[in-house]
Each structure stands twice: as structure tokens, then as C-alpha cells.
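*Asks:* One file: input11.cif (mmCIF, C-alpha atoms).
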```
data_entry
#
loop_
_atom_site.label_atom_id
_atom_site.label_comp_id
_atom_site.auth_asym_id
_atom_site.auth_seq_id
_atom_site.Cartn_x
_atom_site.Cartn_y
_atom_site.Cartn_z
CA MET F 30 49.11 84.52 90.27
CA LYS F 31 49.67 87.83 92.06
CA THR F 32 53.08 86.66 93.27
CA ARG F 33 54.09 85.53 89.79
CA LYS F 34 53.07 88.88 88.29
CA SER F 35 54.97 90.85 90.90
CA LEU F 36 58.07 88.78 90.30
CA LYS F 37 57.86 89.37 86.56
CA TYR F 38 57.47 93.08 87.20
CA PHE F 39 60.51 92.95 89.49
CA ALA F 40 62.56 91.31 86.74
CA LEU F 41 61.33 93.80 84.14
CA ILE F 42 62.38 96.78 86.26
CA LEU F 43 65.84 95.35 86.75
CA GLY F 44 66.36 94.54 83.10
CA VAL F 45 64.93 97.73 81.62
CA TRP F 46 66.74 100.03 84.04
CA ASN F 47 70.11 98.54 83.20
CA VAL F 48 69.45 98.73 79.46
CA TRP F 49 68.77 102.45 79.96
CA THR F 50 71.84 103.26 82.06
CA ALA F 51 74.64 100.92 81.06
CA THR F 52 77.28 101.44 78.40
CA ALA F 53 80.01 98.97 79.29
CA ARG F 54 82.25 96.56 77.45
CA ALA F 55 82.98 93.03 78.62
CA THR F 56 86.19 92.19 80.41
CA SER F 57 88.03 88.96 79.64
CA ILE F 58 86.79 86.06 81.72
CA TYR F 59 90.12 84.39 82.36
CA GLN F 60 93.46 86.14 82.10
CA PRO F 61 96.79 84.61 83.02
CA GLU F 62 98.16 86.74 85.84
CA ALA F 63 101.68 87.76 86.66
CA GLU F 64 103.31 86.34 89.75
CA GLN F 65 102.94 88.29 92.99
CA GLU F 66 104.69 91.55 92.14
CA SER F 67 106.20 92.14 95.54
CA SER F 68 106.17 91.28 99.19
CA ARG F 69 107.06 93.58 102.05
CA SER F 70 110.38 91.96 102.89
CA GLY F 71 113.55 92.56 100.95
CA LEU F 72 112.33 94.73 98.08
CA SER F 73 112.16 98.28 99.44
CA GLY F 74 113.47 100.72 96.91
CA ALA F 75 112.16 98.78 93.91
CA GLY F 76 109.70 100.61 91.69
CA ILE F 77 106.08 100.31 92.76
CA GLY F 78 104.35 97.44 90.96
CA HIS F 79 101.11 97.66 89.00
CA ALA F 80 98.93 95.93 91.61
CA ASP F 81 100.30 98.11 94.40
CA GLN F 82 99.85 101.27 92.32
CA VAL F 83 96.21 100.37 91.67
CA PHE F 84 95.73 99.69 95.39
CA LEU F 85 97.37 103.03 96.22
CA ASN F 86 95.07 104.82 93.76
CA ARG F 87 92.09 103.41 95.65
CA LEU F 88 93.48 104.31 99.07
CA ASN F 89 94.33 107.86 97.98
CA TRP F 90 90.82 108.31 96.60
CA ILE F 91 89.40 107.36 99.99
CA LEU F 92 91.90 109.63 101.74
CA GLY F 93 90.83 112.56 99.60
CA HIS F 94 87.32 112.29 101.06
CA TYR F 95 88.69 111.96 104.58
CA GLU F 96 90.98 114.97 104.22
CA THR F 97 88.02 117.18 103.33
CA SER F 98 86.06 115.90 106.32
CA LEU F 99 88.91 116.33 108.79
CA ARG F 100 89.45 119.93 107.67
CA GLU F 101 85.75 120.58 108.19
CA CYS F 102 85.93 118.95 111.61
CA ALA F 103 88.92 121.09 112.64
CA LEU F 104 86.89 124.23 111.88
CA ARG F 105 83.97 123.03 114.00
CA ILE F 106 85.64 121.95 117.24
CA PRO F 107 87.74 123.88 119.85
CA PHE F 108 91.26 124.78 118.83
CA LYS F 109 93.06 122.36 121.16
CA GLU F 110 90.94 119.43 119.97
CA ALA F 111 91.33 120.51 116.36
CA ILE F 112 95.09 120.08 116.30
CA THR F 113 95.11 116.29 115.77
CA PRO F 114 92.52 116.05 112.96
CA ALA F 115 94.03 119.10 111.28
CA THR F 116 97.47 117.50 111.46
CA THR F 117 96.12 114.28 110.01
CA ALA F 118 94.44 116.19 107.18
CA LEU F 119 97.76 117.86 106.38
CA SER F 120 99.55 114.50 106.50
CA ILE F 121 97.00 113.07 104.08
CA ARG F 122 97.54 115.91 101.62
CA LYS F 123 101.33 115.53 101.78
CA SER F 124 101.12 111.73 101.53
CA ILE F 125 98.97 111.82 98.40
CA GLY F 126 101.33 114.27 96.75
CA SER F 127 104.49 112.39 97.66
CA SER F 128 103.11 108.96 96.75
CA ILE F 129 102.63 110.07 93.15
CA ARG F 130 106.37 110.76 92.89
CA SER F 131 107.56 107.90 95.09
CA GLU F 132 109.81 105.15 93.75
CA ALA F 133 109.57 103.01 96.90
CA TRP F 134 107.11 100.24 96.11
CA ALA F 135 105.41 99.60 99.43
CA ASP F 136 105.94 102.56 101.76
CA PRO F 137 103.22 104.76 100.16
CA VAL F 138 100.70 101.90 100.44
CA TYR F 139 101.49 101.31 104.10
CA GLN F 140 101.38 105.03 104.83
CA ALA F 141 98.00 105.38 103.10
CA LEU F 142 96.56 102.46 105.08
CA ALA F 143 97.90 103.95 108.32
CA LEU F 144 96.35 107.34 107.52
CA ILE F 145 92.97 105.72 106.78
CA ALA F 146 93.12 103.93 110.13
CA GLN F 147 94.02 107.19 111.87
CA ALA F 148 91.27 109.17 110.16
CA GLU F 149 88.66 106.55 110.99
CA SER F 150 89.77 106.54 114.63
CA TYR F 151 88.29 110.03 114.93
CA ASP F 152 84.89 108.41 114.48
CA SER F 153 85.29 105.64 117.09
CA SER F 154 81.86 104.20 116.35
CA GLY F 155 79.97 107.38 117.13
CA GLY F 156 81.95 108.61 120.12
CA GLY F 157 84.83 110.35 118.38
CA VAL F 158 85.70 113.98 118.00
CA CYS F 159 84.98 114.01 114.24
CA THR F 160 82.17 111.44 114.04
CA PRO F 161 79.74 113.51 111.90
CA GLU F 162 82.41 114.44 109.36
CA ILE F 163 83.92 110.95 109.01
CA GLN F 164 80.49 109.40 108.65
CA ALA F 165 79.64 112.02 106.04
CA ALA F 166 82.81 111.08 104.13
CA ARG F 167 81.79 107.42 104.20
CA LYS F 168 78.38 108.37 102.83
CA ARG F 169 79.99 110.36 100.00
CA ILE F 170 82.16 107.37 99.11
CA GLU F 171 79.17 105.03 99.21
CA HIS F 172 77.09 107.40 97.10
CA ALA F 173 79.80 107.74 94.44
CA GLU F 174 80.17 103.97 94.17
CA ARG F 175 76.44 103.27 94.04
CA LYS F 176 74.93 106.22 92.20
CA LYS F 177 74.85 104.32 88.90
CA PHE F 178 72.48 101.79 90.48
CA ALA F 179 70.51 104.19 92.67
CA PRO F 180 67.48 104.42 90.30
CA PHE F 181 67.24 100.61 90.28
CA VAL F 182 67.38 100.38 94.08
CA LYS F 183 64.77 103.13 94.43
CA ALA F 184 62.53 101.42 91.89
CA ILE F 185 62.67 98.17 93.82
CA GLN F 186 61.93 99.96 97.09
CA ALA F 187 58.97 101.74 95.51
CA THR F 188 57.38 98.97 93.46
CA ALA F 189 58.47 95.54 94.64
CA PRO F 190 56.32 93.56 97.08
CA LYS F 191 57.29 94.17 100.70
CA GLU F 192 58.96 90.80 101.16
CA TYR F 193 61.41 91.44 98.28
CA LYS F 194 62.70 94.87 99.23
CA SER F 195 65.78 93.46 100.92
CA ILE F 196 67.05 91.82 97.73
CA ALA F 197 68.62 94.99 96.31
CA SER F 198 70.52 95.67 99.52
CA LYS F 199 71.68 92.06 99.70
CA LEU F 200 73.10 92.21 96.18
CA ASP F 201 74.44 95.74 96.81
CA PRO F 202 75.28 96.68 93.20
CA HIS F 203 78.22 99.09 93.09
CA CYS F 204 81.17 100.19 90.96
CA SER F 205 84.82 100.52 91.87
CA LEU F 206 86.49 103.94 91.88
CA PRO F 207 88.87 105.16 90.63
CA VAL F 208 89.66 103.21 87.44
CA ALA F 209 93.05 103.36 85.75
CA PRO F 210 94.34 101.51 82.66
CA ASN F 211 95.12 97.87 83.29
CA SER F 212 98.60 96.47 82.71
CA GLN F 213 97.80 96.19 78.97
CA GLY F 214 96.64 99.83 78.79
CA TYR F 215 92.90 99.12 78.56
CA VAL F 216 90.47 101.06 80.79
CA ASP F 217 87.49 98.94 81.88
CA SER F 218 84.33 100.97 81.46
CA ASN F 219 82.25 98.69 83.67
CA PRO F 220 84.09 97.78 86.90
CA CYS F 221 80.81 97.02 88.67
CA PHE F 222 79.79 94.19 90.97
CA ALA F 223 76.81 92.67 92.71
CA GLY F 224 76.58 89.84 95.20
CA ASP F 225 80.29 90.00 96.04
CA ARG F 226 79.57 90.86 99.68
CA LEU F 227 77.43 87.73 100.02
CA VAL F 228 80.18 85.63 98.48
CA PHE F 229 82.89 87.14 100.67
CA GLU F 230 80.89 86.46 103.83
CA ARG F 231 80.82 82.79 102.85
CA ILE F 232 84.49 82.41 101.99
CA ALA F 233 86.34 84.92 104.20
CA PRO F 234 86.88 82.70 107.28
CA PHE F 235 88.44 79.93 105.21
CA ILE F 236 91.36 81.43 103.29
CA LEU F 237 93.76 78.65 104.39
CA SER F 238 91.32 75.99 103.20
CA HIS F 239 91.00 77.79 99.87
CA GLU F 240 94.77 77.89 99.46
CA SER F 241 94.97 74.16 100.16
CA PHE F 242 92.20 73.42 97.68
CA VAL F 243 93.66 75.61 94.93
CA SER F 244 97.08 74.01 95.39
CA ALA F 245 95.49 70.56 95.13
CA PHE F 246 93.59 71.71 92.03
CA ASP F 247 96.83 72.86 90.42
CA ARG F 248 98.74 69.67 91.27
CA THR F 249 95.89 67.51 90.00
CA VAL F 250 95.51 69.35 86.70
CA GLN F 251 99.28 69.25 86.18
CA GLY F 252 99.25 65.47 86.59
CA LEU F 253 96.11 64.59 84.63
CA ALA F 254 96.26 63.40 81.05
CA ASP F 255 94.61 65.52 78.36
CA GLY F 256 90.89 64.83 78.08
CA SER F 257 90.51 63.53 81.64
CA VAL F 258 87.55 64.20 83.94
CA LEU F 259 87.99 66.11 87.21
CA ASP F 260 85.23 66.57 89.81
CA LEU F 261 86.05 69.71 91.80
CA TRP F 262 83.60 68.92 94.59
CA ARG F 263 85.19 65.51 95.16
CA LEU F 264 88.62 67.12 95.11
CA TYR F 265 87.44 69.70 97.64
CA LEU F 266 86.07 67.02 99.96
CA ALA F 267 89.34 65.12 99.71
CA GLN F 268 91.19 68.22 100.95
CA GLU F 269 88.65 69.07 103.64
CA ARG F 270 88.89 65.94 105.76
CA PHE F 271 86.11 67.01 108.12
CA ALA F 272 83.77 68.40 105.47
CA ASN F 273 80.28 66.93 105.44
CA ASP F 274 79.20 66.03 101.91
CA TRP F 275 75.61 66.93 102.75
CA ALA F 276 76.22 70.06 104.83
CA PHE F 277 74.61 73.07 103.20
CA ASP F 278 77.22 75.47 104.60
CA GLU F 279 80.02 73.45 103.02
CA ARG F 280 78.29 73.50 99.66
CA MET F 281 77.65 77.22 99.81
CA LYS F 282 81.26 77.88 100.82
CA PHE F 283 82.33 75.83 97.81
CA LEU F 284 79.96 77.63 95.39
CA GLY F 285 81.08 80.95 96.85
CA PHE F 286 84.70 80.13 96.20
CA LEU F 287 83.95 79.19 92.58
CA ALA F 288 82.11 82.51 92.10
CA PHE F 289 85.10 84.32 93.60
CA GLY F 290 87.77 82.35 91.74
CA MET F 291 86.07 82.79 88.38
CA SER F 292 85.32 86.50 88.76
CA SER F 293 86.81 88.68 86.05
CA ALA F 294 89.03 91.18 87.89
CA THR F 295 92.63 89.99 87.98
CA SER F 296 95.86 91.45 89.31
CA SER F 297 96.32 93.17 85.96
CA ALA F 298 93.07 95.15 86.42
CA GLY F 299 93.16 98.92 86.83
CA TYR F 300 90.82 98.93 89.84
CA VAL F 301 90.33 97.22 93.20
CA ASP F 302 87.44 94.79 92.90
CA GLY F 303 84.88 94.12 95.62
CA TYR F 304 86.65 91.05 96.97
CA ALA F 305 90.05 92.71 97.32
CA GLU F 306 88.37 95.73 98.93
CA GLN F 307 86.69 93.58 101.54
CA ALA F 308 89.91 91.62 102.09
CA TRP F 309 91.96 94.63 103.22
CA ARG F 310 89.05 96.14 105.10
CA GLU F 311 88.59 92.92 107.04
CA LYS F 312 92.01 93.25 108.71
CA MET F 313 92.02 96.96 109.51
CA PRO F 314 93.30 98.77 111.52
CA ASP F 315 96.25 96.35 111.40
CA VAL F 316 98.04 97.84 108.38
CA GLY F 317 100.37 94.90 107.78
CA GLU F 318 97.56 92.33 107.98
CA ALA F 319 95.37 94.45 105.70
CA TYR F 320 98.10 94.57 103.07
CA ARG F 321 98.85 90.85 103.29
CA ASN F 322 95.18 89.89 103.15
CA TYR F 323 94.65 92.09 100.09
CA HIS F 324 97.42 90.33 98.19
CA GLY F 325 96.49 86.96 99.65
CA TYR F 326 93.09 86.97 97.98
CA LYS F 327 94.55 88.22 94.73
CA ARG F 328 97.16 85.47 94.82
CA ILE F 329 94.54 82.75 95.34
CA LYS F 330 92.41 84.09 92.51
CA SER F 331 95.46 84.28 90.26
CA GLN F 332 96.43 80.67 90.89
CA PHE F 333 92.87 79.43 90.44
CA SER F 334 92.48 81.29 87.13
CA SER F 335 95.82 80.03 85.83
CA THR F 336 94.96 76.43 86.75
CA TRP F 337 91.51 76.70 85.18
CA ASN F 338 93.14 77.99 81.99
CA LEU F 339 95.49 75.02 82.02
CA ALA F 340 92.55 72.64 82.47
CA LEU F 341 90.87 74.23 79.45
CA LYS F 342 94.08 73.91 77.44
CA LYS F 343 94.35 70.21 78.34
CA GLU F 344 90.63 69.73 77.53
CA ILE F 345 89.97 68.38 81.01
CA ARG F 346 86.25 68.00 81.68
CA ILE F 347 85.36 69.83 84.88
CA GLN F 348 82.48 68.46 86.94
CA VAL F 349 80.84 69.43 90.23
CA ASN F 350 79.29 66.48 92.04
CA GLY F 351 78.90 64.61 88.79
CA LEU F 352 77.34 67.54 86.86
CA ASP F 353 79.29 68.85 83.89
CA TRP F 354 80.70 72.36 84.46
CA ASP F 355 82.85 72.41 81.36
CA GLY F 356 82.60 75.80 79.67
CA VAL F 357 81.12 77.56 82.71
CA ASN F 358 82.08 81.22 83.05
CA ARG F 359 81.92 83.76 85.88
CA HIS F 360 78.27 84.63 85.20
CA GLU F 361 77.11 81.05 85.58
CA ALA F 362 79.18 80.57 88.72
CA MET F 363 77.64 83.64 90.37
CA ALA F 364 74.14 82.61 89.26
CA ALA F 365 74.68 79.15 90.78
CA PHE F 366 75.76 80.72 94.07
CA LEU F 367 72.91 83.26 94.21
CA ALA F 368 70.27 80.69 93.31
CA CYS F 369 71.05 78.84 96.52
CA GLU F 370 72.10 81.78 98.71
CA LEU F 371 68.88 83.69 98.09
CA ALA F 372 66.67 80.61 98.11
CA THR F 373 67.70 79.78 101.67
CA ASP F 374 66.78 83.19 103.02
CA ASP F 375 63.77 83.03 105.36
CA VAL F 376 61.73 85.24 103.03
CA THR F 377 62.59 83.72 99.70
CA LEU F 378 61.98 80.19 100.95
CA ALA F 379 58.31 81.13 101.02
CA THR F 380 58.33 81.83 97.26
CA HIS F 381 60.80 79.49 95.61
CA LEU F 382 60.29 81.11 92.21
CA LEU F 383 62.26 84.20 93.23
CA PRO F 384 65.80 82.83 92.83
CA ARG F 385 65.08 81.79 89.24
CA VAL F 386 63.47 85.12 88.36
CA LEU F 387 66.24 87.02 90.10
CA THR F 388 69.11 85.15 88.44
CA GLN F 389 67.45 85.44 85.02
CA SER F 390 66.80 89.16 85.45
CA MET F 391 70.37 89.68 86.61
CA GLY F 392 71.44 88.05 83.36
CA VAL F 393 69.37 90.51 81.34
CA ALA F 394 70.65 93.41 83.44
CA TYR F 395 74.33 92.57 83.21
CA GLU F 396 74.44 91.51 79.59
CA SER F 397 72.39 94.50 78.39
CA LYS F 398 75.42 96.59 79.29
CA ASP F 399 77.57 94.59 76.92
CA LEU F 400 74.89 94.67 74.22
CA LEU F 401 74.86 98.48 74.11
CA SER F 402 78.63 98.59 74.32
CA HIS F 403 79.04 96.24 71.36
CA LEU F 404 76.65 98.34 69.28
CA ARG F 405 78.64 101.46 70.14
CA ASP F 406 81.83 99.68 69.11
CA GLY F 407 80.42 98.97 65.65
CA VAL F 408 79.36 95.34 66.07
CA SER F 409 76.32 94.55 63.93
CA LEU F 410 72.90 94.41 65.55
CA LYS F 411 72.50 90.76 64.56
CA ASN F 412 75.81 89.68 66.05
CA SER F 413 75.24 91.79 69.16
CA LEU F 414 71.82 90.23 69.76
CA ASN F 415 73.19 86.73 69.17
CA GLY F 416 75.89 87.37 71.77
CA PHE F 417 73.29 88.80 74.13
CA GLN F 418 71.14 85.69 73.86
CA VAL F 419 74.10 83.39 74.43
CA ASP F 420 75.25 85.31 77.48
CA THR F 421 71.82 85.66 79.12
CA SER F 422 71.18 81.94 78.70
CA ARG F 423 74.18 81.36 80.94
CA TYR F 424 72.23 82.67 83.93
CA GLU F 425 69.52 80.05 83.45
CA ARG F 426 72.16 77.32 83.23
CA GLY F 427 73.91 78.74 86.28
CA TYR F 428 70.65 78.67 88.21
CA ARG F 429 70.08 75.05 87.27
CA ARG F 430 73.58 74.05 88.26
CA GLY F 431 73.24 75.76 91.63
CA ILE F 432 69.89 74.18 92.42
CA HIS F 433 71.14 70.79 91.26
CA PHE F 434 73.99 71.12 93.74
CA CYS F 435 72.07 72.30 96.81
CA ARG F 436 68.37 71.68 96.15
CA PHE F 437 68.11 69.06 98.91
CA GLN F 438 68.00 72.06 101.27
CA ARG F 439 65.11 73.73 99.50
CA GLU F 440 61.58 73.67 100.81
CA PHE F 441 60.26 73.37 97.25
CA PRO F 442 62.55 71.12 95.14
CA GLU F 443 62.42 71.80 91.42
CA GLU F 444 63.38 69.79 88.38
CA VAL F 445 66.54 71.11 86.81
CA SER F 446 66.68 69.13 83.62
#
```
For this file, write the structure as C-alpha cells.

*Replies:*
Amino acid sequence: MKTRKSLKYFALILGVWNVWTATARATSIYQPEAEQESSRSGLSGAGIGHADQVFLNRLNWILGHYETSLRECALRIPFKEAITPATTALSIRKSIGSSIRSEAWADPVYQALALIAQAESYDSSGGGVCTPEIQAARKRIEHAERKKFAPFVKAIQATAPKEYKSIASKLDPHCSLPVAPNSQGYVDSNPCFAGDRLVFERIAPFILSHESFVSAFDRTVQGLADGSVLDLWRLYLAQERFANDWAFDERMKFLGFLAFGMSSATSSAGYVDGYAEQAWREKMPDVGEAYRNYHGYKRIKSQFSSTWNLALKKEIRIQVNGLDWDGVNRHEAMAAFLACELATDDVTLATHLLPRVLTQSMGVAYESKDLLSHLRDGVSLKNSLNGFQVDTSRYERGYRRGIHFCRFQREFPEEVS
């Protein structure tokens, strides 16, 4: 009984705090994306594309923090040692100014990535000449991205039972900065994420497998008659010749890819989402690999979204291991992933109720943002509440779908019907 009460209190904190703080409007779930705007070879001199400009905005924002820190470092250390960080700080300032006026599509992006790598080299994992300043810059960046959720994280740390305190850090709620208009001129007021780091850790080592699967998905949907049935898990296993149908890691990798592929941020977005951020970071300090990985993940997501849209248009019934996933959106996909990801943690296995409470409370938390936003936009209270109820119910369905898919691994199996 005590555990059940503490879990309800945990959910209440999460839901109420987000109702208090959030004022966001929903982003479209699926948007057809433009083809890859550019690649490094053969297009220098062309105007910078939207996706690259958004990426550059993000890199310049990071560089602004690093420039401040390097100037502070140069004032602290001996003159001879100060020359290199001071020079880098000056290069950053000039690069940011020139990139705004540049017509070359890729050079400013590559230069910004190179300057980030150079600035971070002055840290060198604690043994660099500017370690305190670079680490302080990282903390400022982290604080800016997470300050919206800081009261929630503090509340969990202060009130949740000891064994649940790691949940907030695992989900790592954060918002992307800066945010510019998307390619249609709309500025997203809620470019915030949670759980994307967990998803990325599952899918990052397997980008080639994902590309193969998405290509097979596209070919299959193109060839299927309208109204057909397509089981994505069976299609995945057919592509992954050595995949074990009953291996938990394979199932989590698959659920993680669905959560990634169905996430809302597309190449037309005015911000760099959590997945794209981790993609370029993963390959640093190799600037070329960082750039290619960034666009690689965006390309895979684009193709998956376009194929899913085509499947919807052709009224193809999507299944996962025999369970109907037709009509599933990004919220349900993430809830399905988290239900299993968190339930297999050593702590949460001891209290199997937590994944359900957590996914349900995340539903209340996320959708409360849209509820307030709709009211601000003039939508009636009745219609706003109806939409809120529909959207929050998706988290319960997502939880059930996830447990149905991976519950054989759980210490405490539950009925999902």
C-alpha cells in the first residue's frame, strides 16, 4: 500500500508541475519531408539549405557560450598559454558573424563544428588549460536547456522514494535551443523531449540495419495493395537474418527505432531535436563524420515518416507481432518503449507498477501543455478537454502495446487486455 501511494504521489507531482509550467502547442505528428537538401560534394557555393541553417544556429549558440569561457580563461592563465584560447575565441566571434552573411551552404557548418572541437580540446577531460571554463560553459548550456523542468526534477529528488530518484535523470527532460521558424514559418513553442537519450542508446550502433529496414518498409508498402496487413516486426526479422525473435535486446532496439522514427521533429523543424544532437555529438571530433551522421539520422527519419504516411494513405493495417498498431502516434510509440525500458531496470523490476504509473503520468504531463495552449488559442474548454482525454489515453495504450511485445522478460507479467 505504501508503494502504491508513493507512486501515485510521484505521478501527481509530474502531472501538476507540467500543468503549471507548460504553454505549448502540438506539432504535427507526421510531415512529409523534403529530400536531403545537400551533401558535401559538388554543391559548394549553393545557398545554405534550411536544415543546415538550423544546424548552424544550434552550433553558433553553443559557440557563443564557449567564446565567453575562452575569453575568461585567457584572462586567468599566463600570457603565453593564453594565446591559443584567445585566438580561438576571436575565431569563434568572427565565424559567427561571417556565417550569418555566408552564401556557401556547408562551409560555415564545418567551420562551426571544427571550432567546437577545438574549444573542447582545451578541456581534455580535466587536464586541459581551460578545463574550469569549458566545463562551466557546458553547465550553462545544460542549465538553459533544462531549466524549464528543473522544478520537476527537484520535486522528484525531494519527495520520491529513494529507489525512484534515478527516473528523472534517466528521462532527462530538456528543450532544444535556439528555436527558429520552420520551413513553413511556424515557430514551435514546445521543442522539448524526454527519453530520447535512452532511445538513442538503443538504436545508435545499428544505423545500417535501420537503413536496410526502412528501405524494406518502403519497398513493401509501395508493392502492397490498398487495405493490406503489414507486420513490421516480421518485416524487421526478415531483414535481420541473425535476429533472435525472443531476444529482449532485439525487441528493445526495434521499439526504440519506432519511437525515433515516429518522433515529431522533421527536417523542416526550426530546431535540432535530441536525436540529431546526439547523432553529431557521437562522431566528434571528426567534423566530417559528425556532419554525415547528423544528416544520416534525419534522412532515415524522413524516409520512415514518408513511408508511414503512404501506408496510412493506402489504408494498410500496421501490426507489430500480430498486435494492431494502426493509428499509433509518437506518444504511444514512446510509451511502449519506456514501459519496457524502465521495467527492465534493476530497481523498477522490484515494483512492476512503476512503468504503468510513469507512462500514464508522462501522458498527463505532456498533454497538459497542449491543453493550456489550446485554451490560449481560443479552443473551447469542452473541446480542449476532449482532446486532452483522447491524447492521454494514448499513453495507456502505448504501455499495453509495449508490455504485450516484451512482457516475457518481466518478473511480474501483467494482463494487457

*Asks:* Mind checking which residues fall within 9 Å of Leu92 of chain F, counting only C-alpha atoms, ignoring those fewer than 2 positions away in the same chain, and posting them as a ChimeraX atom specification?

*Replies:* /F:87-90,94-97,118,121-122,125,141,144-145,148

*Asks:* Here is a test: counting all atoms listed in the file, which residue of F:Arg226, F:Lys312, F:Arg359, F:Arg105 is nearest to Glu162 of chain F?

*Replies:*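 For Glu162 of chain F, the nearest of the candidates is F:Arg105.
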
*Asks:* Atom CA of Lys330 of chain F to atom CA of Phe246 of chain F: how many Å, to one decimal?

*Replies:*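 A separation of 12.4 Å between them.
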
*Asks:* Which residue out of F:Ile77, F:Val182, F:Cys102, F:Leu261 has the minimum interatomic distance to Leu200 of chain F when all atoms listed in the file are used?

*Replies:*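 Among the listed residues, the smallest separation from Leu200 of chain F belongs to F:Val182.
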
*Asks:* Hey, can you check how far atom CA of Gly290 of chain F sits from atom CA of Phe333 of chain F?

*Replies:*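 Atom-to-atom, atom CA of Gly290 of chain F to atom CA of Phe333 of chain F, that is 6.0 Å.
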
*Asks:* Please write as an NGL selection string the full residue list that the PyMOL selection byres ((chain F and resi 315) around 12) yields on this file.

*Replies:* :F and (139 or 142-147 or 309-314 or 316-322)

*Asks:* Write out, as a compact mmCIF listing (two decimals), in the coordinates of the input, the residues just selected, with C-alpha atoms.

*Replies:*
```txt
# COMPACT_ATOMS: atom_id res chain seq x y z
CA TYR F 139 101.49 101.31 104.10
CA LEU F 142 96.56 102.46 105.08
CA ALA F 143 97.90 103.95 108.32
CA LEU F 144 96.35 107.34 107.52
CA ILE F 145 92.97 105.72 106.78
CA ALA F 146 93.12 103.93 110.13
CA GLN F 147 94.02 107.19 111.87
CA TRP F 309 91.96 94.63 103.22
CA ARG F 310 89.05 96.14 105.10
CA GLU F 311 88.59 92.92 107.04
CA LYS F 312 92.01 93.25 108.71
CA MET F 313 92.02 96.96 109.51
CA PRO F 314 93.30 98.77 111.52
CA VAL F 316 98.04 97.84 108.38
CA GLY F 317 100.37 94.90 107.78
CA GLU F 318 97.56 92.33 107.98
CA ALA F 319 95.37 94.45 105.70
CA TYR F 320 98.10 94.57 103.07
CA ARG F 321 98.85 90.85 103.29
CA ASN F 322 95.18 89.89 103.15
```

*Asks:* Taking into account all atoms listed in the file, which residue in the set F:Ile232, F:Leu266, F:Ala288, F:Leu352 is nearest to Gln307 of chain F?

*Replies:*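 The closest residue to Gln307 of chain F is F:Ile232.
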
*Asks:* Of the candidates F:Trp262, F:Tyr300, F:Phe366, F:Trp337, which shows the shortest atom-to-atom distance to Pro220 of chain F, using only C-alpha atoms?

*Replies:*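 When distances to Pro220 of chain F are compared using only C-alpha atoms, the smallest one comes from F:Tyr300.
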
*Asks:* Enter the distance from atom CA of Asn338 of chain F to atom CA of Leu287 of chain F, in Å, rounded to one decimal.

*Replies:*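 We find that atom CA of Asn338 of chain F and atom CA of Leu287 of chain F lie 14.1 Å from each other.
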
*Asks:* Measuring between all atoms listed in the file, which one of F:Ser128, F:Gln348, F:Ser218, F:Asn273 shows the shortest distance to Ser205 of chain F?

*Replies:*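 With all atoms listed in the file as the atom set, the closest residue is F:Ser218.
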
*Asks:* Hey, can you pull every residue with an atom no more than 12 Å from (94.8, 72.8, 90.2), using all atoms listed in the file, and send it as an NGL selection string?

*Replies:* :F and (239-253 or 259-261 or 264-265 or 290 or 329-341 or 345 or 347)

*Asks:* Find the residues near Met281 of chain F: any atom within 8 Å, counting all atoms listed in the file, skip ones fewer than 6 places away on the same chain, and give them as a PDB file with C-alpha atoms, in the frame of the given file.

*Replies:*
```
ATOM      1  CA  ARG F 231      80.820  82.790 102.850  1.00  0.00           C
ATOM      2  CA  PHE F 366      75.760  80.720  94.070  1.00  0.00           C
ATOM      3  CA  CYS F 369      71.050  78.840  96.520  1.00  0.00           C
ATOM      4  CA  GLU F 370      72.100  81.780  98.710  1.00  0.00           C
TER       5      GLU F 370
END
```

*Asks:* Lys199 of chain F: which residues within 10 Å, counting only C-alpha atoms, same-chain residues fewer than 5 positions away excluded, as a compact mmCIF listing (two decimals) with C-alpha atoms, in the frame of the given file?

*Replies:*
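That gives us result-v6.txt:
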```txt
# COMPACT_ATOMS: atom_id res chain seq x y z
CA LYS F 194 62.70 94.87 99.23
CA ALA F 223 76.81 92.67 92.71
CA GLY F 224 76.58 89.84 95.20
CA ASP F 225 80.29 90.00 96.04
CA ARG F 226 79.57 90.86 99.68
CA LEU F 227 77.43 87.73 100.02
CA LEU F 371 68.88 83.69 98.09
```

*Asks:* Would you list the contacts of Ile163 of chain F as a count of residues only, taking every protein, DNA or RNA residue within 8 Å and counting only C-alpha atoms, but skipping same-chain residues closer than 3 positions in sequence?

*Replies:* 11

*Asks:* Restricting the calculation to only C-alpha atoms, which member of F:Lys282, F:His172, F:Lys183, F:Arg346 is positioned closest to His203 of chain F?

*Replies:*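 Nearest candidate to His203 of chain F out of F:Lys282, F:His172, F:Lys183, F:Arg346: F:His172.
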